[in-house]
file run_1.txt (compact mmCIF, C-alpha atoms)
# COMPACT_ATOMS: atom_id res chain seq x y z
CA MET A 1 94.41 134.80 105.86
CA THR A 2 93.64 134.60 109.54
CA THR A 3 91.29 137.24 110.81
CA PRO A 4 91.77 138.36 114.41
CA SER A 5 88.56 137.91 116.33
CA GLN A 6 88.23 141.48 117.57
CA PRO A 7 87.81 144.52 115.25
CA GLY A 8 90.32 146.45 117.33
CA ALA A 9 92.84 143.67 116.94
CA VAL A 10 92.37 143.74 113.17
CA GLN A 11 93.01 147.46 113.08
CA ASN A 12 96.02 147.15 115.35
CA ALA A 13 97.47 144.46 113.12
CA CYS A 14 97.12 146.79 110.14
CA GLN A 15 98.46 149.88 111.86
CA PRO A 16 101.90 149.90 110.18
CA LEU A 17 100.14 149.76 106.83
CA LEU A 18 97.62 152.45 107.74
CA ASP A 19 100.44 154.66 109.00
CA ALA A 20 102.15 154.40 105.61
CA VAL A 21 99.07 155.57 103.69
CA ALA A 22 98.55 159.28 103.09
CA PHE A 23 94.77 159.39 103.02
CA ASP A 24 93.48 162.54 101.30
CA ALA A 25 91.24 165.23 102.77
CA ASN A 26 88.25 162.94 102.19
CA GLY A 27 89.96 160.07 103.97
CA LEU A 28 90.54 158.17 100.72
CA VAL A 29 93.47 156.68 98.84
CA ALA A 30 93.54 155.72 95.15
CA VAL A 31 94.02 152.04 94.38
CA VAL A 32 95.21 150.51 91.12
CA ALA A 33 93.99 146.95 90.72
CA GLN A 34 96.29 144.82 88.60
CA GLN A 35 95.83 141.18 87.64
CA HIS A 36 98.72 139.57 89.49
CA ASP A 37 99.89 137.17 86.79
CA SER A 38 99.15 138.86 83.47
CA GLY A 39 99.97 142.39 84.61
CA GLU A 40 96.74 143.75 83.14
CA VAL A 41 95.62 146.97 84.80
CA LEU A 42 92.01 146.26 85.59
CA MET A 43 90.63 149.40 87.22
CA VAL A 44 91.29 152.26 89.60
CA ALA A 45 89.08 152.85 92.61
CA TRP A 46 89.32 154.23 96.14
CA MET A 47 89.66 152.88 99.67
CA ASN A 48 89.15 154.49 103.04
CA ARG A 49 90.72 153.15 106.23
CA ASP A 50 87.97 150.62 106.82
CA ALA A 51 88.27 149.34 103.26
CA VAL A 52 92.02 148.88 103.62
CA ILE A 53 91.54 147.02 106.90
CA GLU A 54 88.80 144.79 105.52
CA THR A 55 90.77 144.03 102.37
CA VAL A 56 93.89 142.84 104.14
CA ALA A 57 91.94 141.08 106.87
CA THR A 58 89.69 139.11 104.56
CA GLY A 59 91.83 138.78 101.43
CA ARG A 60 88.88 139.99 99.36
CA VAL A 61 89.17 143.46 97.88
CA CYS A 62 86.84 146.05 99.36
CA TYR A 63 86.70 149.63 98.07
CA TRP A 64 84.93 152.79 99.14
CA SER A 65 82.27 153.76 96.64
CA ARG A 66 82.35 157.54 96.30
CA SER A 67 79.06 157.57 94.40
CA ARG A 68 77.22 155.48 96.96
CA GLY A 69 79.07 156.67 100.04
CA ARG A 70 79.63 153.23 101.49
CA LEU A 71 81.97 150.26 101.46
CA TRP A 72 81.89 148.41 98.18
CA ARG A 73 82.87 144.76 98.36
CA LYS A 74 83.90 144.27 94.77
CA GLY A 75 81.62 141.69 93.22
CA GLU A 76 78.91 141.93 95.87
CA SER A 77 76.32 142.46 93.13
CA SER A 78 78.05 141.19 90.03
CA GLY A 79 79.83 138.19 91.50
CA GLN A 80 83.06 139.43 89.91
CA VAL A 81 85.16 139.19 93.06
CA GLN A 82 88.78 140.28 93.41
CA ARG A 83 90.94 138.12 95.62
CA LEU A 84 93.90 140.00 97.06
CA VAL A 85 97.31 138.58 96.24
CA GLU A 86 99.41 141.47 97.56
CA LEU A 87 98.94 145.09 98.53
CA ARG A 88 101.71 147.60 97.81
CA VAL A 89 102.19 151.23 98.80
CA ASP A 90 103.85 153.84 96.61
CA CYS A 91 106.75 156.07 97.57
CA ASP A 92 104.69 158.92 98.98
CA GLY A 93 101.84 156.75 100.26
CA ASP A 94 99.06 158.35 98.25
CA THR A 95 98.41 155.41 95.93
CA LEU A 96 98.09 151.68 96.51
CA LEU A 97 98.69 148.89 94.05
CA ALA A 98 96.50 145.86 94.65
CA LEU A 99 97.75 142.73 92.93
CA VAL A 100 94.59 140.70 92.58
CA ASP A 101 93.08 137.64 91.06
CA GLN A 102 90.02 138.96 89.26
CA GLN A 103 87.14 136.57 88.89
CA GLY A 104 85.44 137.25 85.56
CA VAL A 105 85.40 140.88 84.49
CA ALA A 106 86.41 143.99 86.40
CA CYS A 107 84.43 146.58 84.43
CA HIS A 108 80.73 147.27 84.83
CA THR A 109 80.48 147.32 81.02
CA GLY A 110 81.28 143.60 81.03
CA ARG A 111 84.84 144.04 79.82
CA ARG A 112 87.83 142.51 81.52
CA ASN A 113 89.26 145.93 82.38
CA CYS A 114 88.02 149.51 82.46
CA PHE A 115 90.64 150.99 80.10
CA PHE A 116 89.06 149.84 76.86
CA ARG A 117 89.17 153.14 74.96
CA ALA A 118 92.48 153.93 73.25
CA TRP A 119 93.47 157.20 71.61
CA ARG A 120 94.64 156.26 68.13
CA ASP A 121 94.99 158.40 65.00
CA GLY A 122 92.95 161.24 66.41
CA GLY A 123 90.06 159.21 67.70
CA LEU A 124 89.00 156.96 70.57
CA VAL A 125 88.90 153.31 69.59
CA THR A 126 87.38 150.49 71.62
CA VAL A 127 90.10 147.91 72.10
CA ALA A 128 88.50 145.32 74.38
CA PRO A 129 85.38 143.24 73.82
CA VAL A 130 82.36 142.89 76.08
CA LEU A 131 82.76 139.45 77.62
CA VAL A 132 79.65 139.42 79.79
CA ALA A 133 76.47 141.34 79.03
CA PRO A 134 75.96 143.97 81.76
CA ASP A 135 72.37 142.79 82.16
CA ALA A 136 73.76 139.44 83.16
CA LEU A 137 76.00 141.05 85.77
CA TYR A 138 73.58 143.31 87.59
CA GLY A 139 70.11 143.67 88.87
CA GLN A 140 69.32 147.14 90.04
CA ASP A 141 72.84 147.61 91.25
CA ARG A 142 75.59 148.79 88.95
CA PHE A 143 78.72 147.59 90.70
CA MET B 1 103.65 161.93 65.95
CA THR B 2 103.03 165.03 63.83
CA THR B 3 102.40 168.18 65.81
CA PRO B 4 100.07 170.73 64.26
CA SER B 5 101.76 174.08 64.00
CA GLN B 6 99.16 176.11 65.88
CA PRO B 7 98.35 175.54 69.59
CA GLY B 8 94.65 175.85 68.80
CA ALA B 9 94.97 173.19 66.15
CA VAL B 10 96.64 170.88 68.65
CA GLN B 11 93.80 171.33 71.09
CA ASN B 12 91.20 170.86 68.39
CA ALA B 13 92.86 167.66 67.30
CA CYS B 14 92.66 166.37 70.89
CA GLN B 15 89.10 167.50 71.52
CA PRO B 16 87.47 164.06 71.28
CA LEU B 17 89.95 162.83 73.87
CA LEU B 18 89.47 165.83 76.14
CA ASP B 19 85.70 165.42 75.88
CA ALA B 20 86.02 161.84 77.12
CA VAL B 21 87.95 162.83 80.25
CA ALA B 22 86.06 163.71 83.41
CA PHE B 23 88.47 166.20 84.95
CA ASP B 24 87.87 166.65 88.67
CA ALA B 25 87.00 169.85 90.53
CA ASN B 26 90.67 170.84 90.36
CA GLY B 27 90.81 170.22 86.63
CA LEU B 28 92.88 167.07 87.05
CA VAL B 29 92.66 163.42 86.06
CA ALA B 30 94.61 160.52 87.59
CA VAL B 31 97.02 158.71 85.29
CA VAL B 32 98.46 155.24 85.75
CA ALA B 33 101.77 154.86 83.92
CA GLN B 34 102.47 151.29 82.88
CA GLN B 35 105.54 149.98 81.07
CA HIS B 36 104.04 148.96 77.75
CA ASP B 37 105.87 145.66 77.25
CA SER B 38 106.49 144.25 80.74
CA GLY B 39 103.18 145.41 82.22
CA GLU B 40 104.93 146.88 85.27
CA VAL B 41 102.90 149.60 86.94
CA LEU B 42 105.44 152.39 87.30
CA MET B 43 103.64 155.25 89.03
CA VAL B 44 100.43 157.21 89.35
CA ALA B 45 100.36 160.95 88.75
CA TRP B 46 97.99 163.64 87.50
CA MET B 47 97.34 165.54 84.29
CA ASN B 48 95.37 168.67 83.56
CA ARG B 49 94.04 169.54 80.09
CA ASP B 50 97.30 171.10 78.97
CA ALA B 51 99.29 168.08 80.12
CA VAL B 52 97.01 165.73 78.18
CA ILE B 53 97.33 167.88 75.08
CA GLU B 54 101.10 168.14 75.35
CA THR B 55 101.51 164.43 76.01
CA VAL B 56 99.60 163.28 72.93
CA ALA B 57 101.03 166.07 70.75
CA THR B 58 104.66 165.41 71.61
CA GLY B 59 104.64 161.70 72.49
CA ARG B 60 106.52 162.51 75.68
CA VAL B 61 104.58 162.18 78.92
CA CYS B 62 103.83 165.44 80.71
CA TYR B 63 102.03 165.54 84.06
CA TRP B 64 100.70 168.28 86.30
CA SER B 65 102.72 168.53 89.48
CA ARG B 66 100.30 169.23 92.32
CA SER B 67 103.13 170.07 94.70
CA ARG B 68 104.77 172.56 92.36
CA GLY B 69 101.61 173.81 90.65
CA ARG B 70 102.99 173.57 87.14
CA LEU B 71 103.44 171.23 84.21
CA TRP B 72 105.93 168.48 84.92
CA ARG B 73 107.63 167.03 81.87
CA LYS B 74 108.63 163.69 83.34
CA GLY B 75 112.39 163.45 83.30
CA GLU B 76 113.02 167.18 82.85
CA SER B 77 115.38 167.13 85.84
CA SER B 78 116.24 163.46 86.20
CA GLY B 79 116.51 162.54 82.53
CA GLN B 80 114.19 159.61 83.18
CA VAL B 81 111.80 160.35 80.32
CA GLN B 82 108.61 158.48 79.54
CA ARG B 83 107.80 158.03 75.88
CA LEU B 84 104.09 157.57 75.25
CA VAL B 85 103.11 154.38 73.48
CA GLU B 86 99.35 154.66 73.93
CA LEU B 87 96.89 156.59 76.06
CA ARG B 88 93.70 154.90 77.23
CA VAL B 89 90.61 156.20 79.01
CA ASP B 90 88.62 154.24 81.54
CA CYS B 91 84.90 153.57 81.46
CA ASP B 92 83.82 156.65 83.37
CA GLY B 93 86.63 158.88 82.14
CA ASP B 94 88.12 159.73 85.50
CA THR B 95 91.36 157.77 85.08
CA LEU B 96 93.83 157.42 82.23
CA LEU B 97 96.20 154.57 81.54
CA ALA B 98 99.41 155.67 79.85
CA LEU B 99 101.31 152.83 78.23
CA VAL B 100 104.83 154.16 78.19
CA ASP B 101 108.42 153.29 77.51
CA GLN B 102 110.21 154.39 80.68
CA GLN B 103 113.81 155.42 80.28
CA GLY B 104 115.70 154.40 83.41
CA VAL B 105 113.70 154.60 86.63
CA ALA B 106 110.28 156.08 87.28
CA CYS B 107 110.57 156.68 91.03
CA HIS B 108 112.37 159.59 92.63
CA THR B 109 113.92 157.11 95.07
CA GLY B 110 115.85 155.62 92.16
CA ARG B 111 113.70 152.52 91.91
CA ARG B 112 112.15 151.32 88.68
CA ASN B 113 108.62 151.86 90.04
CA CYS B 114 107.04 153.66 92.96
CA PHE B 115 105.23 150.65 94.46
CA PHE B 116 108.21 149.11 96.20
CA ARG B 117 106.65 148.56 99.64
CA ALA B 118 104.61 145.37 99.99
CA TRP B 119 102.40 144.39 102.92
CA ARG B 120 103.55 140.91 103.95
CA ASP B 121 103.07 139.03 107.20
CA GLY B 122 101.99 142.10 109.12
CA GLY B 123 104.74 144.43 107.97
CA LEU B 124 105.86 146.56 105.05
CA VAL B 125 108.70 145.00 103.10
CA THR B 126 110.81 146.72 100.46
CA VAL B 127 110.58 144.58 97.34
CA ALA B 128 112.49 146.59 94.74
CA PRO B 129 116.10 147.73 94.78
CA VAL B 130 117.46 151.23 94.28
CA LEU B 131 118.92 151.15 90.77
CA VAL B 132 120.14 154.74 90.60
CA ALA B 133 121.21 156.81 93.59
CA PRO B 134 118.80 159.75 93.96
CA ASP B 135 121.77 162.10 94.21
CA ALA B 136 122.74 161.01 90.74
CA LEU B 137 119.24 161.78 89.43
CA TYR B 138 118.66 165.26 90.77
CA GLY B 139 120.24 168.52 91.57
CA GLN B 140 117.99 170.81 93.57
CA ASP B 141 114.92 169.43 91.89
CA ARG B 142 113.24 166.31 93.11
CA PHE B 143 111.31 165.17 90.06
call {"tool": "encode", "arguments": {"input": "run_1.txt", "output": "structure tokens"}}
result
Amino acid sequence: MTTPSQPGAVQNACQPLLDAVAFDANGLVAVVAQQHDSGEVLMVAWMNRDAVIETVATGRVCYWSRSRGRLWRKGESSGQVQRLVELRVDCDGDTLLALVDQQGVACHTGRRNCFFRAWRDGGLVTVAPVLVAPDALYGQDRF
Amino acid sequence: MTTPSQPGAVQNACQPLLDAVAFDANGLVAVVAQQHDSGEVLMVAWMNRDAVIETVATGRVCYWSRSRGRLWRKGESSGQVQRLVELRVDCDGDTLLALVDQQGVACHTGRRNCFFRAWRDGGLVTVAPVLVAPDALYGQDRF
């Protein structure tokens, strides 16, 4: 994806998208990340305006980390990058669907996706294996 | 799914699930509804504790409508019911993934899913057709 050379130009190019998003009182929008080909729901995270702009401008998914209070370029510590395939907006603009190509695992536990606990027969069952040891993913940083 | 005869018994049966959910300051948790067989992400909505309990007890998906401030049994007005296939919890408990069997369309616009606007070549493009006219779905009630 071509990135306009000026930050203002990038924002201007994204304006129709930004206008369609109903950011909440904290300036955030929920984002569902889905593996584009398999349909697997990988994770849900949040973006602010800058994260939306950076994501579409660079083609690499960038979230807003609520716990750390800063932009979170997915994979910046773990190497488990998400390449953006397509970004979609829901009917009332308060959720985005990011179709991505996930490199490696999406979850900080080392599983492919974050939804690995299923409610079955009155108990929570782990339904996805750890593919990468978390110690191998992170140093001091969890994401 | 068998429903215990006493409301307290229903809640007790769900307690391990409720304990795993990190409800937010408003007592809500985000829920991604995904068609269980095709993998299509249908919509994102919210549940409170009562909605979680009712959903797993009845096998029919029930949300909390933030706009109306009450339980929202999906399809109660439109007839477009979601049958629960499996409920999953993410790694930090602040999002649920509901694998469902969606009857008809999930979106109030009459589309199969709510994420029908895609960001392509600098503009938002509608990528899913209206399958049912909204007027045919609703009377006075929008959901």
call {"tool": "atom_distance", "arguments": {"input": "run_1.txt", "atom1": "atom CA of B:Glu54", "atom2": "atom CA of B:Pro7"}}
result
9.8 Å
call {"tool": "residues_around", "arguments": {"input": "run_1.txt", "residues": "A:Gly39", "least_positions_apart": "5", "cutoff": "12 Å", "atoms": "only C-alpha atoms", "output": "list in words"}}
result
Val32, Ala33, Gln34, Leu97, Ala98, Leu99, Val100, Asp101, Gln102 and Asn113 of chain A; Gln34, Gln35, His36, Asp37, Ser38, Gly39, Glu40, Val41 and Leu42 of chain B
call {"tool": "interface_residues", "arguments": {"input": "run_1.txt", "of": "chain B", "to": "chain A", "cutoff": "7 Å", "atoms": "all atoms listed in the file", "output": "ChimeraX atom specification"}}
result
/B:13-14,16-17,39-40,86-91,97,114-119,122-124
call {"tool": "atom_distance", "arguments": {"input": "run_1.txt", "atom1": "atom CA of B:Trp64", "atom2": "atom CA of B:Ala25"}}
result
14.4 Å
call {"tool": "atom_distance", "arguments": {"input": "run_1.txt", "atom1": "atom CA of A:Gly59", "atom2": "atom CA of B:Arg112"}}
result
27.1 Å
call {"tool": "closest_residue", "arguments": {"input": "run_1.txt", "among": "A:Val29, A:Ile53, A:Val132, A:Val81", "to": "A:Ser65", "atoms": "all atoms listed in the file"}}
result
A:Val29
